file target-v8.txt (compact mmCIF, C-alpha atoms)
# COMPACT_ATOMS: atom_id res chain seq x y z
CA MET K 1 -33.31 20.74 -5.28
CA LYS K 2 -33.16 18.28 -8.18
CA LYS K 3 -29.42 17.75 -7.59
CA ASN K 4 -30.04 16.90 -3.91
CA LYS K 5 -32.77 14.41 -4.88
CA LEU K 6 -30.48 12.82 -7.47
CA ALA K 7 -27.62 12.55 -4.97
CA THR K 8 -29.93 10.99 -2.35
CA LYS K 9 -31.34 8.54 -4.89
CA LEU K 10 -27.85 7.56 -6.08
CA LYS K 11 -26.64 7.15 -2.48
CA LYS K 12 -29.53 4.77 -1.73
CA ARG K 13 -28.81 2.68 -4.82
CA LEU K 14 -25.10 2.33 -4.08
CA SER K 15 -23.71 0.22 -1.26
CA ALA K 16 -20.85 1.35 1.00
CA VAL K 17 -18.27 -0.72 -0.90
CA GLN K 18 -19.51 0.64 -4.23
CA VAL K 19 -19.20 4.24 -3.01
CA LEU K 20 -15.69 3.46 -1.73
CA ALA K 21 -14.61 1.88 -5.03
CA LEU K 22 -16.21 4.70 -7.05
CA GLY K 23 -14.67 7.36 -4.81
CA PHE K 24 -11.16 6.18 -5.64
CA ILE K 25 -12.00 6.15 -9.37
CA VAL K 26 -13.34 9.72 -9.26
CA LEU K 27 -10.25 10.91 -7.37
CA ILE K 28 -7.98 9.16 -9.90
CA PHE K 29 -9.69 10.73 -12.92
CA VAL K 30 -9.72 14.21 -11.37
CA GLY K 31 -5.98 13.88 -10.64
CA GLY K 32 -5.31 12.44 -14.10
CA ILE K 33 -7.13 15.28 -15.88
CA LEU K 34 -5.33 17.93 -13.80
CA LEU K 35 -1.92 16.44 -14.56
CA THR K 36 -2.51 16.70 -18.31
CA PHE K 37 -2.45 20.52 -18.08
CA PRO K 38 0.73 22.12 -19.53
CA ILE K 39 1.21 24.34 -16.44
CA PHE K 40 2.21 21.28 -14.38
CA SER K 41 5.02 19.98 -16.63
CA ARG K 42 8.54 21.40 -16.76
CA SER K 43 8.46 21.61 -20.56
CA GLY K 44 5.20 23.58 -20.61
CA ASN K 45 3.64 20.97 -22.91
CA ALA K 46 0.51 18.96 -22.21
CA THR K 47 1.13 15.51 -20.76
CA PRO K 48 -0.46 12.57 -22.66
CA PHE K 49 -3.62 11.51 -20.82
CA ILE K 50 -2.57 7.86 -20.50
CA ASP K 51 0.66 8.88 -18.72
CA ALA K 52 -1.10 11.49 -16.55
CA LEU K 53 -3.73 8.90 -15.62
CA PHE K 54 -1.05 6.30 -14.88
CA THR K 55 0.68 8.79 -12.54
CA ALA K 56 -2.63 9.60 -10.81
CA VAL K 57 -3.46 5.90 -10.33
CA SER K 58 0.02 5.28 -8.95
CA ALA K 59 -0.25 8.25 -6.56
CA VAL K 60 -3.80 7.59 -5.31
CA CYS K 61 -3.05 3.86 -4.98
CA VAL K 62 0.25 4.79 -3.23
CA THR K 63 2.37 2.64 -5.51
CA GLY K 64 5.20 4.65 -7.04
CA LEU K 65 5.41 3.04 -10.48
CA THR K 66 5.78 5.82 -13.06
CA THR K 67 6.04 6.02 -16.83
CA LEU K 68 7.45 9.54 -16.43
CA ASN K 69 10.30 10.58 -14.15
CA THR K 70 8.67 12.53 -11.29
CA ALA K 71 11.73 14.72 -10.73
CA LEU K 72 12.34 15.56 -14.39
CA HIS K 73 8.87 15.74 -15.97
CA TRP K 74 6.74 17.57 -13.38
CA ASN K 75 7.39 21.07 -12.04
CA ALA K 76 6.84 22.04 -8.39
CA TYR K 77 3.07 22.50 -8.88
CA GLY K 78 2.73 19.11 -10.57
CA GLN K 79 4.74 17.51 -7.76
CA LEU K 80 2.47 19.24 -5.23
CA ILE K 81 -0.61 17.70 -6.88
CA ILE K 82 1.05 14.28 -6.77
CA MET K 83 1.85 14.78 -3.07
CA VAL K 84 -1.80 15.66 -2.30
CA LEU K 85 -3.03 12.62 -4.24
CA ILE K 86 -0.61 10.42 -2.28
CA GLU K 87 -1.84 11.82 1.04
CA ILE K 88 -5.54 11.40 0.22
CA GLY K 89 -4.97 7.97 -1.33
CA GLY K 90 -2.79 6.81 1.56
CA LEU K 91 -5.18 7.81 4.33
CA GLY K 92 -8.25 6.96 2.25
CA PHE K 93 -10.46 9.31 0.24
CA MET K 94 -12.88 9.45 3.21
CA THR K 95 -10.32 11.64 5.02
CA MET K 96 -11.59 14.86 3.42
CA PRO K 97 -15.32 14.53 4.29
CA VAL K 98 -14.41 13.44 7.82
CA LEU K 99 -12.25 16.55 8.27
CA LEU K 100 -15.13 18.71 7.02
CA TYR K 101 -17.51 17.08 9.50
CA PHE K 102 -14.96 17.69 12.27
CA VAL K 103 -14.27 21.34 11.37
CA LEU K 104 -17.93 22.25 10.78
CA ARG K 105 -18.98 20.35 13.94
CA LYS K 106 -21.70 18.49 12.03
CA LYS K 107 -23.20 15.20 13.15
CA ILE K 108 -21.86 12.31 11.09
CA THR K 109 -24.51 10.36 9.18
CA LEU K 110 -25.09 6.60 9.30
CA SER K 111 -24.10 6.17 5.64
CA THR K 112 -20.79 7.96 6.31
CA ARG K 113 -20.13 5.66 9.29
CA MET K 114 -20.72 2.66 7.02
CA LEU K 115 -18.20 4.08 4.53
CA LEU K 116 -15.69 4.63 7.32
CA ARG K 117 -16.09 1.02 8.45
CA GLU K 118 -15.30 -0.19 4.92
CA ALA K 119 -12.45 2.31 4.46
CA LEU K 120 -10.78 1.30 7.73
CA ASN K 121 -11.56 -2.41 7.31
CA LEU K 122 -13.44 -2.62 10.63
CA ASP K 123 -15.90 -5.28 11.80
CA ASP K 124 -18.45 -2.76 13.10
CA MET K 125 -19.25 0.97 12.93
CA SER K 126 -18.71 1.82 16.59
CA GLY K 127 -15.82 4.23 17.04
CA ALA K 128 -15.16 4.49 13.27
CA PHE K 129 -15.35 8.31 13.26
CA ARG K 130 -13.08 8.64 16.32
CA LEU K 131 -10.60 6.23 14.74
CA MET K 132 -10.52 8.26 11.51
CA ILE K 133 -9.83 11.46 13.45
CA TYR K 134 -7.09 9.60 15.31
CA VAL K 135 -5.68 8.38 11.97
CA VAL K 136 -5.50 11.95 10.61
CA LYS K 137 -3.85 13.35 13.75
CA PHE K 138 -1.39 10.47 14.07
CA ALA K 139 -0.43 10.62 10.39
CA ALA K 140 0.07 14.39 10.57
CA VAL K 141 2.42 14.13 13.57
CA ILE K 142 4.50 11.26 12.14
CA GLN K 143 4.81 12.93 8.73
CA LEU K 144 5.81 16.30 10.17
CA VAL K 145 8.44 14.67 12.38
CA GLY K 146 9.69 12.70 9.38
CA ALA K 147 9.82 15.86 7.25
CA ALA K 148 11.88 17.64 9.92
CA LEU K 149 14.34 14.72 10.19
CA LEU K 150 14.77 14.47 6.40
CA SER K 151 15.15 18.25 6.08
CA ILE K 152 18.28 18.01 8.25
CA GLU K 153 19.88 16.20 5.28
CA PHE K 154 18.06 17.90 2.39
CA VAL K 155 18.27 21.59 3.44
CA PRO K 156 22.13 21.75 3.41
CA GLU K 157 22.08 19.89 0.08
CA PHE K 158 19.28 21.74 -1.76
CA GLY K 159 18.73 24.97 0.19
CA TRP K 160 15.90 25.98 2.54
CA LYS K 161 12.95 26.20 0.13
CA LYS K 162 13.72 23.10 -1.92
CA GLY K 163 15.11 21.17 1.05
CA LEU K 164 11.98 21.66 3.18
CA PHE K 165 9.69 20.71 0.28
CA TYR K 166 11.78 17.63 -0.45
CA GLY K 167 11.67 16.68 3.23
CA LEU K 168 7.86 16.97 3.37
CA PHE K 169 7.30 15.23 0.02
CA HIS K 170 9.48 12.22 0.85
CA SER K 171 8.09 11.98 4.38
CA ILE K 172 4.51 11.80 3.06
CA SER K 173 5.53 9.43 0.27
CA SER K 174 7.37 7.16 2.75
CA PHE K 175 4.66 7.09 5.43
CA CYS K 176 1.96 6.45 2.83
CA ASN K 177 4.19 3.71 1.34
CA ALA K 178 4.03 5.45 -2.06
CA GLY K 179 7.66 5.42 -3.23
CA PHE K 180 7.50 8.58 -5.35
CA ASP K 181 10.77 10.52 -5.25
CA LEU K 182 12.06 13.90 -6.43
CA LEU K 183 15.71 12.83 -6.49
CA GLY K 184 15.64 11.33 -9.99
CA ASP K 185 16.96 7.88 -9.13
CA SER K 186 15.19 7.11 -5.84
CA LEU K 187 17.72 6.64 -3.01
CA THR K 188 20.68 5.21 -4.94
CA PRO K 189 22.63 8.48 -4.37
CA TYR K 190 22.20 7.89 -0.59
CA GLN K 191 23.75 4.41 -0.35
CA THR K 192 26.50 5.86 1.82
CA LYS K 193 24.07 7.85 4.01
CA PRO K 194 22.46 5.40 6.46
CA TYR K 195 20.71 8.30 8.24
CA VAL K 196 18.42 8.97 5.26
CA LEU K 197 17.82 5.26 4.63
CA LEU K 198 16.91 4.55 8.27
CA VAL K 199 14.59 7.59 8.63
CA ILE K 200 12.68 6.59 5.49
CA ALA K 201 12.66 2.93 6.60
CA ILE K 202 11.09 3.91 9.95
CA LEU K 203 8.44 6.01 8.14
CA ILE K 204 7.66 3.08 5.83
CA ILE K 205 7.28 0.67 8.77
CA SER K 206 5.14 3.20 10.67
CA GLY K 207 2.72 3.58 7.77
CA GLY K 208 2.67 -0.15 7.02
CA LEU K 209 1.87 -1.29 10.56
CA GLY K 210 -1.71 -0.03 10.49
CA PHE K 211 -3.54 2.57 12.54
CA ILE K 212 -5.35 0.06 14.73
CA VAL K 213 -1.99 -1.43 15.71
CA TRP K 214 -0.59 2.00 16.55
CA GLN K 215 -3.66 2.83 18.60
CA ASP K 216 -3.10 -0.38 20.58
CA LEU K 217 0.61 0.41 21.04
CA LEU K 218 0.00 3.97 22.26
CA ARG K 219 -2.71 2.84 24.68
CA PHE K 220 -0.73 -0.08 26.12
CA LYS K 221 -0.03 1.68 29.47
CA LYS K 222 -3.78 2.12 29.96
CA LYS K 223 -5.02 -1.25 28.65
CA ARG K 224 -1.99 -3.42 29.58
CA LYS K 225 -2.80 -5.82 26.74
CA PHE K 226 -2.82 -6.06 22.95
CA SER K 227 -5.59 -7.33 20.73
CA LEU K 228 -4.99 -10.56 18.81
CA HIS K 229 -4.83 -8.52 15.59
CA THR K 230 -2.01 -6.37 16.99
CA LYS K 231 -0.06 -9.38 18.29
CA ILE K 232 -0.25 -11.17 14.95
CA ALA K 233 0.59 -8.00 12.99
CA LEU K 234 3.66 -7.21 15.12
CA ILE K 235 5.00 -10.77 15.15
CA THR K 236 4.51 -11.23 11.39
CA THR K 237 5.99 -7.82 10.54
CA GLY K 238 9.03 -8.47 12.75
CA ALA K 239 9.52 -11.97 11.31
CA LEU K 240 9.33 -10.72 7.71
CA LEU K 241 11.73 -7.83 8.37
CA LEU K 242 14.25 -10.05 10.15
CA GLY K 243 13.85 -12.92 7.70
CA GLY K 244 14.20 -10.58 4.74
CA PHE K 245 17.31 -8.98 6.24
CA ILE K 246 18.98 -12.36 6.81
CA LEU K 247 18.11 -13.65 3.32
CA PHE K 248 19.34 -10.46 1.61
CA PHE K 249 22.49 -10.50 3.71
CA ILE K 250 23.17 -14.04 2.43
CA THR K 251 22.05 -13.66 -1.20
CA GLU K 252 23.54 -10.19 -1.79
CA HIS K 253 26.74 -10.75 0.23
CA ASN K 254 28.99 -9.71 -2.64
CA ALA K 255 27.39 -6.23 -2.53
CA SER K 256 27.99 -5.68 -6.27
CA ASN K 257 25.01 -3.34 -6.16
CA LEU K 258 26.66 -0.99 -3.69
CA THR K 259 29.10 1.83 -4.22
CA THR K 260 32.75 0.83 -4.02
CA GLY K 261 34.14 1.74 -0.63
CA THR K 262 30.94 1.43 1.38
CA THR K 263 31.57 0.60 5.03
CA PHE K 264 30.18 -2.52 6.73
CA PHE K 265 27.57 -0.44 8.61
CA GLU K 266 26.46 1.21 5.35
CA ARG K 267 26.08 -2.23 3.80
CA LEU K 268 23.97 -3.35 6.78
CA ALA K 269 21.77 -0.24 6.39
CA ASN K 270 21.24 -0.95 2.68
CA THR K 271 20.49 -4.62 3.39
CA PHE K 272 17.93 -3.63 6.03
CA PHE K 273 16.43 -1.14 3.58
CA MET K 274 16.10 -3.97 1.00
CA SER K 275 14.00 -5.86 3.56
CA VAL K 276 11.81 -2.83 4.41
CA THR K 277 11.05 -1.30 1.01
CA PRO K 278 9.25 -4.30 -0.60
CA ARG K 279 6.66 -3.88 2.18
CA THR K 280 4.74 -1.78 -0.42
CA ALA K 281 7.06 1.27 -0.22
CA GLY K 282 8.82 1.34 -3.59
CA TYR K 283 11.99 3.25 -2.73
CA TYR K 284 15.25 1.58 -3.72
CA SER K 285 18.92 2.12 -2.98
CA ILE K 286 20.21 -0.60 -5.32
CA ASP K 287 19.66 -1.65 -8.94
CA TYR K 288 17.28 -4.63 -9.00
CA MET K 289 18.56 -5.68 -12.43
CA GLN K 290 21.83 -6.58 -10.69
CA MET K 291 20.21 -8.54 -7.87
CA THR K 292 20.61 -12.31 -7.62
CA ASN K 293 17.69 -14.59 -8.55
CA ALA K 294 17.33 -15.62 -4.90
CA GLY K 295 17.17 -11.94 -3.92
CA LEU K 296 14.50 -11.27 -6.57
CA ILE K 297 12.36 -14.19 -5.35
CA THR K 298 12.65 -12.90 -1.77
CA THR K 299 11.62 -9.41 -2.92
CA ILE K 300 8.62 -10.76 -4.88
CA PHE K 301 7.45 -12.75 -1.83
CA LEU K 302 7.73 -9.68 0.44
CA MET K 303 5.90 -7.54 -2.12
CA TYR K 304 3.08 -10.07 -2.35
CA VAL K 305 2.58 -10.25 1.44
CA GLY K 306 2.74 -6.44 1.79
CA GLY K 307 1.80 -4.53 4.94
CA THR K 308 -0.85 -4.81 7.65
CA SER K 309 -4.61 -4.51 7.18
CA GLY K 310 -5.94 -1.04 7.95
CA SER K 311 -2.69 0.65 6.94
CA THR K 312 -1.41 2.67 3.99
CA ALA K 313 0.13 -0.51 2.55
CA GLY K 314 -1.16 -2.95 -0.07
CA GLY K 315 -0.57 -6.62 -0.84
CA LEU K 316 -2.12 -9.78 0.59
CA LYS K 317 -1.50 -8.28 4.08
CA THR K 318 0.57 -9.63 6.97
CA THR K 319 -2.43 -10.69 9.05
CA THR K 320 -3.95 -12.61 6.12
CA PHE K 321 -0.66 -14.42 5.56
CA ALA K 322 -0.34 -15.13 9.29
CA VAL K 323 -3.86 -16.60 9.50
CA LEU K 324 -2.97 -18.98 6.65
CA VAL K 325 0.23 -20.06 8.43
CA ILE K 326 -1.64 -20.52 11.74
CA GLN K 327 -4.28 -22.65 9.97
CA ILE K 328 -1.58 -24.83 8.35
CA VAL K 329 0.23 -25.30 11.68
CA SER K 330 -3.07 -26.18 13.40
CA ILE K 331 -3.84 -28.80 10.72
CA PHE K 332 -0.44 -30.46 11.16
CA LYS K 333 -1.04 -30.51 14.91
CA GLY K 334 -4.23 -32.47 14.27
CA ARG K 335 -6.56 -29.62 15.23
CA THR K 336 -9.69 -28.64 13.28
CA ARG K 337 -9.57 -24.96 14.33
CA ALA K 338 -6.98 -22.21 13.77
CA GLU K 339 -5.64 -21.45 17.27
CA PHE K 340 -3.04 -18.90 18.34
CA ASN K 341 -2.00 -17.45 21.68
CA GLY K 342 -4.90 -19.00 23.57
CA ARG K 343 -7.48 -17.77 21.05
CA THR K 344 -9.45 -19.42 18.25
CA ILE K 345 -9.61 -17.52 14.98
CA ARG K 346 -13.10 -17.52 13.47
CA ASP K 347 -13.74 -19.95 10.60
CA SER K 348 -15.12 -17.06 8.52
CA THR K 349 -11.77 -15.25 8.88
CA VAL K 350 -9.83 -18.34 7.79
CA PHE K 351 -12.12 -18.87 4.77
CA ARG K 352 -11.75 -15.20 3.84
CA ALA K 353 -7.94 -15.46 4.05
CA LEU K 354 -7.91 -18.61 1.88
CA THR K 355 -10.18 -16.96 -0.68
CA LEU K 356 -7.99 -13.85 -0.79
CA PHE K 357 -4.87 -15.95 -1.26
CA PHE K 358 -6.35 -17.96 -4.11
CA ILE K 359 -7.94 -15.02 -5.97
CA THR K 360 -4.95 -12.66 -5.65
CA LEU K 361 -2.40 -15.30 -6.67
CA THR K 362 -4.56 -16.31 -9.64
CA LEU K 363 -4.94 -12.64 -10.62
CA CYS K 364 -1.16 -12.14 -10.54
CA VAL K 365 -0.48 -15.29 -12.59
CA ILE K 366 -3.03 -14.30 -15.27
CA SER K 367 -1.59 -10.76 -15.36
CA ILE K 368 1.92 -12.15 -15.90
CA MET K 369 0.64 -14.26 -18.79
CA ILE K 370 -1.06 -11.24 -20.42
CA LEU K 371 2.00 -8.99 -20.05
CA THR K 372 4.32 -11.60 -21.55
CA ILE K 373 2.16 -11.29 -24.69
CA THR K 374 1.74 -7.50 -24.78
CA GLU K 375 5.23 -6.42 -23.64
CA THR K 376 8.73 -6.84 -25.05
CA ILE K 377 11.10 -8.68 -22.69
CA PRO K 378 14.83 -7.95 -23.15
CA GLU K 379 16.94 -10.91 -24.26
CA SER K 380 19.04 -10.60 -21.10
CA ALA K 381 15.94 -10.93 -18.87
CA GLY K 382 13.49 -13.73 -18.19
CA ILE K 383 9.96 -14.16 -16.85
CA GLU K 384 11.03 -12.50 -13.58
CA TYR K 385 11.20 -9.18 -15.50
CA VAL K 386 7.39 -9.23 -15.89
CA ALA K 387 6.56 -11.11 -12.66
CA PHE K 388 8.44 -8.50 -10.63
CA GLU K 389 6.34 -5.72 -12.22
CA VAL K 390 3.04 -7.52 -11.63
CA PHE K 391 3.64 -8.29 -7.95
CA SER K 392 4.97 -4.76 -7.47
CA ALA K 393 1.77 -3.27 -8.94
CA PHE K 394 -0.59 -5.57 -7.02
CA GLY K 395 1.29 -4.99 -3.77
CA THR K 396 1.25 -1.22 -4.49
CA VAL K 397 5.02 -1.33 -4.03
CA GLY K 398 6.50 0.65 -6.90
CA LEU K 399 9.72 -1.30 -7.47
CA THR K 400 10.60 -2.19 -11.05
CA MET K 401 13.33 -3.91 -13.02
CA GLY K 402 12.88 -1.31 -15.77
CA LEU K 403 9.65 -2.37 -17.49
CA THR K 404 7.39 0.53 -16.41
CA PRO K 405 8.73 3.30 -18.71
CA ASP K 406 8.53 0.96 -21.74
CA LEU K 407 4.99 -0.34 -21.14
CA THR K 408 2.61 -0.45 -24.10
CA VAL K 409 -0.85 1.13 -23.76
CA ALA K 410 -2.29 -2.33 -23.03
CA GLY K 411 0.45 -2.89 -20.44
CA LYS K 412 -0.24 0.45 -18.77
CA ILE K 413 -3.95 -0.35 -18.48
CA MET K 414 -3.14 -3.79 -17.00
CA ILE K 415 -0.76 -2.32 -14.42
CA MET K 416 -3.24 0.45 -13.54
CA LEU K 417 -5.93 -2.15 -12.87
CA LEU K 418 -3.55 -4.12 -10.65
CA MET K 419 -2.59 -0.99 -8.68
CA TYR K 420 -6.26 -0.09 -8.20
CA ILE K 421 -7.25 -3.61 -7.07
CA GLY K 422 -4.20 -3.77 -4.79
CA ARG K 423 -5.11 -0.52 -3.04
CA VAL K 424 -8.91 -0.75 -2.86
CA GLY K 425 -8.90 -4.48 -2.13
CA ILE K 426 -10.10 -7.50 -4.09
CA TYR K 427 -13.17 -7.91 -1.86
CA THR K 428 -14.22 -4.26 -2.29
CA VAL K 429 -13.82 -4.45 -6.06
CA GLY K 430 -15.59 -7.84 -6.23
CA PHE K 431 -18.54 -6.79 -4.07
CA SER K 432 -18.91 -3.47 -5.90
CA LEU K 433 -19.14 -5.27 -9.26
CA LEU K 434 -21.07 -8.42 -8.39
CA THR K 435 -23.36 -7.51 -5.48
CA ARG K 436 -24.46 -4.60 -3.38
CA GLY K 437 -21.82 -5.57 -0.83
CA GLN K 438 -24.28 -7.26 1.53
CA LYS K 439 -23.83 -10.73 2.98
CA GLN K 440 -26.39 -13.06 1.45
CA GLN K 441 -26.74 -16.34 3.35
CA ALA K 442 -28.97 -19.01 1.86
CA LYS K 443 -31.94 -20.06 3.99
CA PHE K 444 -31.33 -23.72 3.21
CA LYS K 445 -28.36 -26.12 3.25
CA TYR K 446 -27.51 -28.82 0.72
CA PRO K 447 -26.61 -32.34 1.96
CA ASP K 448 -22.97 -32.94 2.94
CA GLU K 449 -20.73 -35.16 0.83
CA SER K 450 -17.02 -35.95 1.02
CA VAL K 451 -14.47 -35.02 -1.68
CA MET K 452 -10.99 -36.60 -1.86
CA ILE K 453 -8.17 -34.04 -1.63
CA GLY K 454 -4.38 -34.16 -1.33
call {"tool": "encode", "arguments": {"input": "target-v8.txt", "output": "structure tokens"}}
result
Amino acid sequence: MKKNKLATKLKKRLSAVQVLALGFIVLIFVGGILLTFPIFSRSGNATPFIDALFTAVSAVCVTGLTTLNTALHWNAYGQLIIMVLIEIGGLGFMTMPVLLYFVLRKKITLSTRMLLREALNLDDMSGAFRLMIYVVKFAAVIQLVGAALLSIEFVPEFGWKKGLFYGLFHSISSFCNAGFDLLGDSLTPYQTKPYVLLVIAILIISGGLGFIVWQDLLRFKKKRKFSLHTKIALITTGALLLGGFILFFITEHNASNLTTGTTFFERLANTFFMSVTPRTAGYYSIDYMQMTNAGLITTIFLMYVGGTSGSTAGGLKTTTFAVLVIQIVSIFKGRTRAEFNGRTIRDSTVFRALTLFFITLTLCVISIMILTITETIPESAGIEYVAFEVFSAFGTVGLTMGLTPDLTVAGKIMIMLLMYIGRVGIYTVGFSLLTRGQKQQAKFKYPDESVMIG
């Protein structure tokens, strides 16, 4: 009875964003503690807590950065825990309670609907429960199909038991944009196998598009129109994929990163994969230490933008980036409002996008400065060695130039914070720390006055 009263009291004192932020932290620590147990490592020895926690943060925040090699350090049970953490983290920790409500046929409470709205990044609570059920069903179908397609390659190579597990693990990791692999060196052994690269690329794009976009796409025959959000998400995603492909095709034309003897089609597949994987996925088929500076800058930009809002991806988000571009174009056209496709984007949305851009970019710059002090940079590398790691962590990407395994304790904590903020969202973290997550509008307005800019 006392426990129920305490839970009710705590629930009333915490806002929806605070519960969401705290839920991810609890899940991370539970996963981190479990992974320290000797029964989950191949050696049979206990894993240092800082490394176990780092792995749990990376899995729950669907990043893929690891201080320990997932294939070599963890046994099958440890890898299974990581896969479960990826799934829950990718779909949102609210997945489990929603499934329980669905199975037990219980009526969903108002507080749970508020949590779902925050978890799915919705404007209102109507249809939040139905959307979450749709998310779970859609994700299950896509991941099972992906697992079957990957098993076609993995079963002949590793046998039935291992091949099927590898197929499922990499399908979940790809769809959730996590980037964890059990192959030891990501997808570099599959440079000459476009089939594997393209299947994983499709899974990454599917997870990064966002569930609201997929709902719109699958209901197009019935509705015969897309929402503005879907239009912007699809156009921006397509433009970034195509633009990234063209830039990588130009900057990496010498293909020094690829295996000698690769065909032209295989090179095209690897180039396309280079454009897809920075969209918060973390898989790689080439060595980023051998990439050109122009290629690294392109990758960092793609990692920073990330995927679409309401998806398994992290980063600034495609729709946020698009709103900023639309606002800039509108200003140069002499318009005071952000207009696109016969619609006006709300001022509050534009201000939110500008705030996100400023805060996230500032956060990344400060993090780079801190890591240049705490970490050792090889003589052959420059500032990009650290910048790449920071944007990868914030964008929950998982790509690295080799810094992750050599991080100091301070560096690991910094990267863990970036992964957490990148997954949960800067607004959720900010509101959970500074306020109760409620909009507080002043009842008065100060006089207007002009400020010179530009």
call {"tool": "atom_distance", "arguments": {"input": "target-v8.txt", "atom1": "CA of Thr320 (chain K)", "atom2": "CA of Asn177 (chain K)"}}
result
18.9 Å
call {"tool": "closest_residue", "arguments": {"input": "target-v8.txt", "among": "K:Leu27, K:Leu241, K:Leu182, K:Phe37", "to": "Phe49 (chain K)", "atoms": "only C-alpha atoms"}}
result
K:Phe37
call {"tool": "residues_around", "arguments": {"input": "target-v8.txt", "residues": "region 415-420 of chain K", "least_positions_apart": "3", "cutoff": "8 Å", "atoms": "only C-alpha atoms", "output": "PyMOL selection string"}}
result
chain K and resi 54+57-58+61+63+390+393-396+411-412+423-425
call {"tool": "write_last_selection", "arguments": {"input": "target-v8.txt", "atoms": "C-alpha atoms", "output": "JSON list (two decimals), keeping the file's coordinate frame"}}
result
[["chain", "number", "residue", "atom", "x", "y", "z"],
["K", 54, "PHE", "CA", -1.05, 6.30, -14.88],
["K", 57, "VAL", "CA", -3.46, 5.90, -10.33],
["K", 58, "SER", "CA", 0.02, 5.28, -8.95],
["K", 61, "CYS", "CA", -3.05, 3.86, -4.98],
["K", 63, "THR", "CA", 2.37, 2.64, -5.51],
["K", 390, "VAL", "CA", 3.04, -7.52, -11.63],
["K", 393, "ALA", "CA", 1.77, -3.27, -8.94],
["K", 394, "PHE", "CA", -0.59, -5.57, -7.02],
["K", 395, "GLY", "CA", 1.29, -4.99, -3.77],
["K", 396, "THR", "CA", 1.25, -1.22, -4.49],
["K", 411, "GLY", "CA", 0.45, -2.89, -20.44],
["K", 412, "LYS", "CA", -0.24, 0.45, -18.77],
["K", 423, "ARG", "CA", -5.11, -0.52, -3.04],
["K", 424, "VAL", "CA", -8.91, -0.75, -2.86],
["K", 425, "GLY", "CA", -8.90, -4.48, -2.13]]
call {"tool": "residues_around", "arguments": {"input": "target-v8.txt", "residues": "region 360-372 of chain K", "least_positions_apart": "2", "cutoff": "7 Å", "atoms": "only C-alpha atoms", "output": "count of residues only"}}
result
10
call {"tool": "closest_residue", "arguments": {"input": "target-v8.txt", "among": "K:Lys193, K:Val60, K:Gly44, K:Arg219", "to": "Gly23 (chain K)", "atoms": "all atoms listed in the file"}}
result
K:Val60
call {"tool": "closest_residue", "arguments": {"input": "target-v8.txt", "among": "K:Phe272, K:Phe264, K:Phe245, K:Phe175", "to": "Phe138 (chain K)", "atoms": "only C-alpha atoms"}}
result
K:Phe175
call {"tool": "residues_near_point", "arguments": {"input": "target-v8.txt", "point": "(16.7, -4.5, -6.4)", "cutoff": "9 Å", "atoms": "all atoms listed in the file", "output": "PyMOL selection string"}}
result
chain K and resi 257+274+284-292+295-296+299+399-401
call {"tool": "closest_residue", "arguments": {"input": "target-v8.txt", "among": "K:Trp214, K:Val199, K:Met83, K:Val141", "to": "Phe169 (chain K)", "atoms": "only C-alpha atoms"}}
result
K:Met83
call {"tool": "atom_distance", "arguments": {"input": "target-v8.txt", "atom1": "CA of Leu197 (chain K)", "atom2": "CA of Leu68 (chain K)"}}
result
23.9 Å
call {"tool": "closest_residue", "arguments": {"input": "target-v8.txt", "among": "K:Ala239, K:Ile133, K:Ile212, K:Met303", "to": "Pro278 (chain K)", "atoms": "all atoms listed in the file"}}
result
K:Met303
call {"tool": "atom_distance", "arguments": {"input": "target-v8.txt", "atom1": "CA of Ile373 (chain K)", "atom2": "CA of Thr408 (chain K)"}}
result
10.9 Å
call {"tool": "closest_residue", "arguments": {"input": "target-v8.txt", "among": "K:Phe301, K:Tyr283, K:Phe226, K:Phe332", "to": "Leu65 (chain K)", "atoms": "all atoms listed in the file"}}
result
K:Tyr283
call {"tool": "residues_near_point", "arguments": {"input": "target-v8.txt", "point": "(11.0, 16.8, 11.3)", "cutoff": "12 Å", "atoms": "only C-alpha atoms", "output": "MDAnalysis selection string"}}
result
chainID K and resid 140:155 163:172 199:200 203
call {"tool": "write_last_selection", "arguments": {"input": "target-v8.txt", "atoms": "C-alpha atoms", "output": "compact mmCIF listing (two decimals), keeping the file's coordinate frame"}}
result
# COMPACT_ATOMS: atom_id res chain seq x y z
CA ALA K 140 0.07 14.39 10.57
CA VAL K 141 2.42 14.13 13.57
CA ILE K 142 4.50 11.26 12.14
CA GLN K 143 4.81 12.93 8.73
CA LEU K 144 5.81 16.30 10.17
CA VAL K 145 8.44 14.67 12.38
CA GLY K 146 9.69 12.70 9.38
CA ALA K 147 9.82 15.86 7.25
CA ALA K 148 11.88 17.64 9.92
CA LEU K 149 14.34 14.72 10.19
CA LEU K 150 14.77 14.47 6.40
CA SER K 151 15.15 18.25 6.08
CA ILE K 152 18.28 18.01 8.25
CA GLU K 153 19.88 16.20 5.28
CA PHE K 154 18.06 17.90 2.39
CA VAL K 155 18.27 21.59 3.44
CA GLY K 163 15.11 21.17 1.05
CA LEU K 164 11.98 21.66 3.18
CA PHE K 165 9.69 20.71 0.28
CA TYR K 166 11.78 17.63 -0.45
CA GLY K 167 11.67 16.68 3.23
CA LEU K 168 7.86 16.97 3.37
CA PHE K 169 7.30 15.23 0.02
CA HIS K 170 9.48 12.22 0.85
CA SER K 171 8.09 11.98 4.38
CA ILE K 172 4.51 11.80 3.06
CA VAL K 199 14.59 7.59 8.63
CA ILE K 200 12.68 6.59 5.49
CA LEU K 203 8.44 6.01 8.14
